[in-house]
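Data block below; observations after.
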Amino acid sequence: MAELIRVFGRIGLLSFGGPAAQIALMYKELVEDRPWLTDAQFLRALSFCMLLPGPEAMQLATYAGWRLRGTLGGLIAGLLFVIPGALVIAVLALAYSAYGQLPIAQSLFIGIKACVVVIVIGALMKVSQKALKIRAHLTIAVASFAALFALDLPFPLVIAVAALAGALFLKAPVEPGPKSAPQSIWSTVKTVAIWLAIWLAPILLLELYAPNILVDMAIFFSTLAVVTFGGAYAVLAYMTQIVVGDFGWLTTEQMIDALGLAETTPGPLILVTQFVAMIASDSPGTAIAAGVVTLWVTFAPCFLWIFAGAPYIDRLAHMPRLSGALAGITAAVVGVIANLGLWFAGAVFFEQGFLQFAPVMIAGVAALLLLWRRWDMLWVLPISAALGLLLAPPV
């Protein structure tokens, strides 16, 4: 147990760079450096976590901890993956509320926003290479983009249709070998009941005693936790539509700032929800409460999915339709991220219909460093912020 805490503590502190980098770090720690998981176990668990809503890297860490030391091990591994980044986000959100509107901060954020556009483009390229292997994958990706960009269909509907299409037309071959022993249905029902209570009971208490904004946040981010297939990039446009358009909690510019700051912290990128909740609050005390509520309703469902589904993960290889649904969702995520990138680019590069010189130039430099020279994002973000000061100095 001591070694589990040490290893997952290190993973939590070093988990910069989004899910791809985080998964690579866990593979090195859990498969290559120590015999905690076999290659097949790791990849099968990763496939299962990608099928779930929520941050797949955090859920993969939770599964690895569960596999090693049961429910307590899963809790420790999952919490250690989230807590370091959550603490950093809390500090950044409070600082942003106090100083984010200063001219010098606005200049810095011009550079950060331009870099975020390139980061999203890079994520789109990486996901495309893995997801679009056959023509059917490309068809689903294009259809998903059109459904969101041209038809403005709801994000959950697009993901559901992609999963159905994948289950029907993208069935994977069944792997050879025996299935794992069946799990007791009553054991699964008990696990689901316990974690549903842990997840939802605080929301009922908020309904009775908390301000309306905390109740709205708890309900909205709980809903978001159920539909966040494909990671934070995929769901960000949907979240912005609700947070900016329906609730009016933040502006579009603040949403882009939120993603830029979340990119600089360890932990899952979905911690951007914590930042959004804290910025939407009207006082430091409410901000801290909103951050805690959002963290609870975002990550409690992750433990529910893993602890209920972990005993069935080894059977995934024998469920071709489920694997096909996963492939459909993964292909759809390409279209979803393309829509997000286009929306970001429009918000960052144009102001009142006019192309802006500074963010275009900064994005060009960021693209050279990130996509061509393969520099680490943690170096490119501060360079982009400095270029924002240089090319768009505070007035």
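We name chains A, B, ... following the order of the structure tokens; residues begin at 1 in each chain, and ligands are numbered from 1 as shown.
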I'd like the neighbourhood of Pro268 of chain A as JSON, numbers by chain, where a residue qualifies if any of its atoms comes within 9 Å (using only C-alpha atoms), though same-chain residues fewer than 2 positions away should be ignored.
{"A": [15, 16, 18, 19, 22, 55, 56, 57, 58, 81, 82, 85, 231, 232, 262, 265, 266, 270, 271, 272]}
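Ranking A:Leu208, A:Ile203, A:Ala98, A:Leu326 by their shortest atom-to-atom distance to Ser283 of chain A, with only C-alpha atoms included, puts A:Ala98 first.
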Could you pull the residues within 6 Å of Ala385 of chain A, counting only C-alpha atoms, minus those fewer than 6 positions along the same chain, as a PyMOL selection string?
chain A and resi 108+111-112
Could you write out the selected residues, including N, CA, C and O atoms, as a PDB file, in the first residue's frame?
```pdb
ATOM      1  N   LEU A 108      -1.461  38.787 -21.559  1.00  0.00           N
ATOM      2  CA  LEU A 108      -0.952  37.426 -21.373  1.00  0.00           C
ATOM      3  C   LEU A 108      -1.930  36.397 -21.942  1.00  0.00           C
ATOM      4  O   LEU A 108      -1.537  35.432 -22.596  1.00  0.00           O
ATOM      5  N   GLY A 111      -1.958  35.566 -25.734  1.00  0.00           N
ATOM      6  CA  GLY A 111      -0.987  34.551 -26.122  1.00  0.00           C
ATOM      7  C   GLY A 111      -1.424  33.155 -25.728  1.00  0.00           C
ATOM      8  O   GLY A 111      -1.279  32.196 -26.506  1.00  0.00           O
ATOM      9  N   ILE A 112      -1.971  33.010 -24.517  1.00  0.00           N
ATOM     10  CA  ILE A 112      -2.407  31.687 -24.060  1.00  0.00           C
ATOM     11  C   ILE A 112      -3.545  31.160 -24.936  1.00  0.00           C
ATOM     12  O   ILE A 112      -3.562  29.986 -25.326  1.00  0.00           O
TER      13      ILE A 112
END
```
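You can rank A:Leu102, A:Ala24, A:Ala90, A:Ile383 by their closest distance to Leu261 of chain A using only C-alpha atoms, and at the top of that list sits A:Ala90.
In terms of minimum interatomic distance to Leu79 of chain A, A:Ala61 ranks closest within A:Leu132, A:Leu94, A:Cys115, A:Ala61, counting only C-alpha atoms.
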Write out as JSON, numbers by chain which residues come within 10 Å of Ile83 of chain A when counting only C-alpha atoms, dropping same-chain ones fewer than 5 positions away.
{"A": [9, 12, 13, 78, 88, 89, 266, 267, 295]}
Kindly export the residues of the current selection with all heavy atoms, as an mmCIF file, in the first residue's frame.
```cif
data_model
loop_
_atom_site.group_PDB
_atom_site.id
_atom_site.type_symbol
_atom_site.label_atom_id
_atom_site.label_comp_id
_atom_site.auth_asym_id
_atom_site.auth_seq_id
_atom_site.Cartn_x
_atom_site.Cartn_y
_atom_site.Cartn_z
ATOM 1 N N GLY A 9 1.032 8.864 -6.262
ATOM 2 C CA GLY A 9 1.314 10.248 -5.920
ATOM 3 C C GLY A 9 2.230 10.888 -6.944
ATOM 4 O O GLY A 9 2.027 12.041 -7.361
ATOM 5 N N GLY A 12 0.270 11.522 -10.114
ATOM 6 C CA GLY A 12 -0.588 12.691 -9.982
ATOM 7 C C GLY A 12 0.165 14.001 -10.110
ATOM 8 O O GLY A 12 -0.334 14.957 -10.713
ATOM 9 N N LEU A 13 1.372 14.055 -9.582
ATOM 10 C CA LEU A 13 2.164 15.282 -9.649
ATOM 11 C C LEU A 13 2.767 15.515 -11.030
ATOM 12 O O LEU A 13 3.047 16.660 -11.406
ATOM 13 C CB LEU A 13 3.288 15.229 -8.611
ATOM 14 C CG LEU A 13 2.847 15.319 -7.144
ATOM 15 C CD1 LEU A 13 4.020 15.013 -6.227
ATOM 16 C CD2 LEU A 13 2.270 16.699 -6.837
ATOM 17 N N GLY A 78 -7.240 7.056 -7.638
ATOM 18 C CA GLY A 78 -8.041 8.076 -8.312
ATOM 19 C C GLY A 78 -7.910 9.439 -7.670
ATOM 20 O O GLY A 78 -7.767 10.452 -8.365
ATOM 21 N N VAL A 88 -4.066 23.283 -7.535
ATOM 22 C CA VAL A 88 -3.490 24.323 -8.391
ATOM 23 C C VAL A 88 -4.593 25.123 -9.069
ATOM 24 O O VAL A 88 -4.539 26.366 -9.148
ATOM 25 C CB VAL A 88 -2.542 23.697 -9.439
ATOM 26 C CG1 VAL A 88 -2.024 24.773 -10.394
ATOM 27 C CG2 VAL A 88 -1.370 23.004 -8.752
ATOM 28 N N ILE A 89 -5.620 24.442 -9.585
ATOM 29 C CA ILE A 89 -6.733 25.123 -10.238
ATOM 30 C C ILE A 89 -7.424 26.082 -9.265
ATOM 31 O O ILE A 89 -7.822 27.194 -9.636
ATOM 32 C CB ILE A 89 -7.746 24.097 -10.782
ATOM 33 C CG1 ILE A 89 -7.201 23.448 -12.053
ATOM 34 C CG2 ILE A 89 -9.099 24.741 -11.060
ATOM 35 C CD1 ILE A 89 -7.203 24.332 -13.272
ATOM 36 N N PRO A 266 -1.322 19.854 -13.594
ATOM 37 C CA PRO A 266 -1.392 18.392 -13.650
ATOM 38 C C PRO A 266 -2.827 17.919 -13.476
ATOM 39 O O PRO A 266 -3.705 18.685 -13.077
ATOM 40 C CB PRO A 266 -0.522 17.956 -12.465
ATOM 41 C CG PRO A 266 -0.616 19.092 -11.501
ATOM 42 C CD PRO A 266 -0.720 20.340 -12.334
ATOM 43 N N GLY A 267 -3.057 16.642 -13.767
ATOM 44 C CA GLY A 267 -4.385 16.073 -13.571
ATOM 45 C C GLY A 267 -5.236 16.135 -14.820
ATOM 46 O O GLY A 267 -4.820 16.664 -15.857
ATOM 47 N N LEU A 295 -16.108 19.397 -8.103
ATOM 48 C CA LEU A 295 -15.209 18.246 -8.035
ATOM 49 C C LEU A 295 -15.967 16.993 -7.612
ATOM 50 O O LEU A 295 -15.761 15.908 -8.174
ATOM 51 C CB LEU A 295 -14.066 18.528 -7.062
ATOM 52 C CG LEU A 295 -12.990 19.513 -7.523
ATOM 53 C CD1 LEU A 295 -12.067 19.865 -6.359
ATOM 54 C CD2 LEU A 295 -12.185 18.941 -8.675
#
```
Considering only C-alpha atoms, tabulate each residue of segment 238-305 of chain A that lies at most 8 Å from segment 212-222 of chain A along with its nearest interatomic pair and the corresponding distance in Å to one decimal; arrange the rows by chain and ascending residue number and present them as a tab-separated table.
```
residue	atom	partner	partner_atom	distance
A:Thr273	CA	A:Phe221	CA	7.6
A:Ala277	CA	A:Met217	CA	7.1
A:Ala289	CA	A:Leu214	CA	8.0
A:Ala290	CA	A:Leu214	CA	6.1
A:Val293	CA	A:Ala218	CA	6.3
A:Thr294	CA	A:Ala218	CA	6.3
A:Val297	CA	A:Ser222	CA	5.1
A:Thr298	CA	A:Ser222	CA	6.2
```
With all heavy atoms retained, export the selected residues as a PDB file, in the first residue's frame.
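File selection_29.pdb, as written:
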```pdb
ATOM      1  N   THR A 273     -13.847  22.259 -15.382  1.00  0.00           N
ATOM      2  CA  THR A 273     -15.172  22.487 -14.784  1.00  0.00           C
ATOM      3  C   THR A 273     -15.055  23.152 -13.419  1.00  0.00           C
ATOM      4  O   THR A 273     -15.875  24.001 -13.064  1.00  0.00           O
ATOM      5  CB  THR A 273     -15.944  21.165 -14.655  1.00  0.00           C
ATOM      6  OG1 THR A 273     -15.182  20.237 -13.866  1.00  0.00           O
ATOM      7  CG2 THR A 273     -16.210  20.541 -16.019  1.00  0.00           C
ATOM      8  N   ALA A 277     -16.694  26.801 -12.420  1.00  0.00           N
ATOM      9  CA  ALA A 277     -17.582  26.986 -11.279  1.00  0.00           C
ATOM     10  C   ALA A 277     -17.062  28.064 -10.336  1.00  0.00           C
ATOM     11  O   ALA A 277     -17.842  28.885  -9.822  1.00  0.00           O
ATOM     12  CB  ALA A 277     -17.738  25.660 -10.537  1.00  0.00           C
ATOM     13  N   ALA A 289     -16.628  26.836  -2.237  1.00  0.00           N
ATOM     14  CA  ALA A 289     -17.727  25.877  -2.130  1.00  0.00           C
ATOM     15  C   ALA A 289     -18.120  25.334  -3.505  1.00  0.00           C
ATOM     16  O   ALA A 289     -18.360  24.128  -3.667  1.00  0.00           O
ATOM     17  CB  ALA A 289     -18.930  26.539  -1.459  1.00  0.00           C
ATOM     18  N   ALA A 290     -18.173  26.218  -4.500  1.00  0.00           N
ATOM     19  CA  ALA A 290     -18.531  25.790  -5.857  1.00  0.00           C
ATOM     20  C   ALA A 290     -17.491  24.833  -6.424  1.00  0.00           C
ATOM     21  O   ALA A 290     -17.836  23.861  -7.107  1.00  0.00           O
ATOM     22  CB  ALA A 290     -18.664  27.015  -6.765  1.00  0.00           C
ATOM     23  N   VAL A 293     -18.037  21.401  -4.725  1.00  0.00           N
ATOM     24  CA  VAL A 293     -19.252  20.757  -5.255  1.00  0.00           C
ATOM     25  C   VAL A 293     -18.996  20.202  -6.650  1.00  0.00           C
ATOM     26  O   VAL A 293     -19.386  19.064  -6.968  1.00  0.00           O
ATOM     27  CB  VAL A 293     -20.425  21.766  -5.270  1.00  0.00           C
ATOM     28  CG1 VAL A 293     -21.595  21.227  -6.100  1.00  0.00           C
ATOM     29  CG2 VAL A 293     -20.882  22.078  -3.854  1.00  0.00           C
ATOM     30  N   THR A 294     -18.341  20.996  -7.481  1.00  0.00           N
ATOM     31  CA  THR A 294     -18.091  20.566  -8.860  1.00  0.00           C
ATOM     32  C   THR A 294     -17.149  19.380  -8.905  1.00  0.00           C
ATOM     33  O   THR A 294     -17.356  18.439  -9.686  1.00  0.00           O
ATOM     34  CB  THR A 294     -17.526  21.741  -9.673  1.00  0.00           C
ATOM     35  OG1 THR A 294     -18.449  22.836  -9.623  1.00  0.00           O
ATOM     36  CG2 THR A 294     -17.303  21.336 -11.124  1.00  0.00           C
ATOM     37  N   VAL A 297     -19.267  16.193  -7.890  1.00  0.00           N
ATOM     38  CA  VAL A 297     -20.211  15.637  -8.868  1.00  0.00           C
ATOM     39  C   VAL A 297     -19.527  15.260 -10.175  1.00  0.00           C
ATOM     40  O   VAL A 297     -20.104  14.529 -10.986  1.00  0.00           O
ATOM     41  CB  VAL A 297     -21.379  16.611  -9.134  1.00  0.00           C
ATOM     42  CG1 VAL A 297     -22.145  16.897  -7.858  1.00  0.00           C
ATOM     43  CG2 VAL A 297     -20.899  17.915  -9.765  1.00  0.00           C
ATOM     44  N   THR A 298     -18.295  15.740 -10.391  1.00  0.00           N
ATOM     45  CA  THR A 298     -17.553  15.354 -11.591  1.00  0.00           C
ATOM     46  C   THR A 298     -16.868  14.008 -11.420  1.00  0.00           C
ATOM     47  O   THR A 298     -16.871  13.175 -12.336  1.00  0.00           O
ATOM     48  CB  THR A 298     -16.501  16.426 -11.942  1.00  0.00           C
ATOM     49  OG1 THR A 298     -17.167  17.662 -12.242  1.00  0.00           O
ATOM     50  CG2 THR A 298     -15.671  16.002 -13.155  1.00  0.00           C
TER      51      THR A 298
END
```
Find the residues near Ala131 of chain A: any atom within 7 Å, counting only C-alpha atoms, skip ones fewer than 5 places away on the same chain, and give them as a list in words.
His137, Thr330 and Ala331 of chain A
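Each of A:Val7, A:Leu52, A:Ile185, A:Ala197 was compared to Ile306 of chain A using only C-alpha atoms, and A:Leu52 turns out to be the nearest.
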Extract the full set of alpha helix (DSSP H) residues from segment 146-265 of chain A according to DSSP on the backbone, and format it as a count of residues only.
82
